[in-house]
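One structure below.
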Amino acid sequence: MGVTSELIRGDIYFWGQLMAGAVLGSVPIVILYVFFLDYYVSGLTAGAVK
Amino acid sequence: MGRRKLRKRILIAHVLLVPFLVFALFPFYHMTLTSLKQDRELYDRHAVPLLIKQGPTLEHYTKLLWDTEFLTWTQEQPARDRALDDGRPSSSAPSRPTRLARLKFFGVGAFGTGIFVTYLVPTSLLFLPLAQVINWLGLADSKWALVLTVPDVPRPLLYLAPDGLLPHGAQGGRGVRDGRRRHPHPGPVAYRAADHRPGPGVRGALRLSRCRGTSSSTR
């Protein structure tokens, strides 16, 4: 919320900083995803019927 | 299976994965690339968008970290998420137009259609009249403006909605009806069970029993 309200002024987008914020914001999610990958896969395939 | 055949199979499986990988990773590539480009190159119309030609820079990162409140926002984000998530399960059922159509009060069809049509209007167009309404109500610069504009804020109030107003089995202020059972406090699992209403047949019955099993285990 802060990133969009501070780094978008009217129709001026500070793309470099916006993207830097997006990259930094996605890092923890990527790390968590890698650690819990097995759970995701087992959850996705839990209802599968051959 | 021969070793050669197995190797070929593995190779084909990996090749088939490549388009999905490119699709999944492209946004991260583009974000990282844009964040490392110099302003001069970013706003140059003739620059190649997918490559850094004029040298990378960490300027955007340093500006973001030290010239804005980014670190404070990041610290506050988990608390904000938690507050919003607490309210979300209690109200996810009636918040969507398709679910609204299942509610029982007078004129609900027109109300649901109205909300559905509103989804088609660009957000920026909606916010101009909404800002006027908030000013007209004298709520500008107050927390009540948030209650009106951020849908997640008033949603927990739906806990207080009387039974009979909400769809059967979806949710209720004093508990969820799940067949003959009545859960005193429906957790997110109970909503999940209500969201995925089972269809007819054996699979539906199996799914229902699984949902009941998990929702009753939350008590």
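Ordering of the structure tokens sets the chain letters (A, B, ...), residue numbers begin anew at 1 in every chain, and ligands are numbered from 1 in the order given.
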Write out as a CSV table (one decimal) with N, CA and C atoms, in the first residue's frame which residues come within 12 Å of B:Asp44 when counting only C-alpha atoms, dropping same-chain ones fewer than 6 positions away.
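Contents of result.csv, as written:
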chain,number,residue,atom,x,y,z
B,37,LYS,N,17.8,-1.0,-13.7
B,37,LYS,CA,18.1,-0.1,-14.8
B,37,LYS,C,18.3,1.3,-14.3
B,38,GLN,N,19.1,2.1,-15.0
B,38,GLN,CA,19.2,3.5,-14.6
B,38,GLN,C,18.0,4.2,-15.2
B,52,ILE,N,19.6,-4.9,-20.1
B,52,ILE,CA,20.2,-3.7,-19.6
B,52,ILE,C,21.4,-3.4,-20.5
B,53,LYS,N,21.3,-2.2,-21.1
B,53,LYS,CA,22.4,-1.9,-22.1
B,53,LYS,C,23.3,-0.8,-21.5
B,54,GLN,N,22.8,0.0,-20.6
B,54,GLN,CA,23.6,1.2,-20.1
B,54,GLN,C,24.2,0.9,-18.7
What are the closest atom pairs, with distances in Å to one decimal, for all residues of chain A lying within 6 Å of chain B? Consider only C-alpha atoms, order rows by chain and residue number, and present the result as a tab-separated table.
residue	atom	partner	partner_atom	distance
A:Gly16	CA	B:Ser35	CA	4.4
A:Gln17	CA	B:His60	CA	4.9
A:Met19	CA	B:Ser35	CA	5.1
A:Ala20	CA	B:Ser35	CA	4.8
Dump C-alpha atoms for the selected residues as a compact mmCIF listing (two decimals), in the first residue's frame?
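Output (result.txt):
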# COMPACT_ATOMS: atom_id res chain seq x y z
CA GLY A 16 12.67 1.63 -10.74
CA GLN A 17 11.70 1.94 -7.09
CA MET A 19 9.97 -2.71 -9.15
CA ALA A 20 12.65 -2.75 -6.44
Mind giving me the straight-line distance from atom CA of B:Leu126 to atom CA of B:Thr149 in Å, one decimal?
10.6 Å
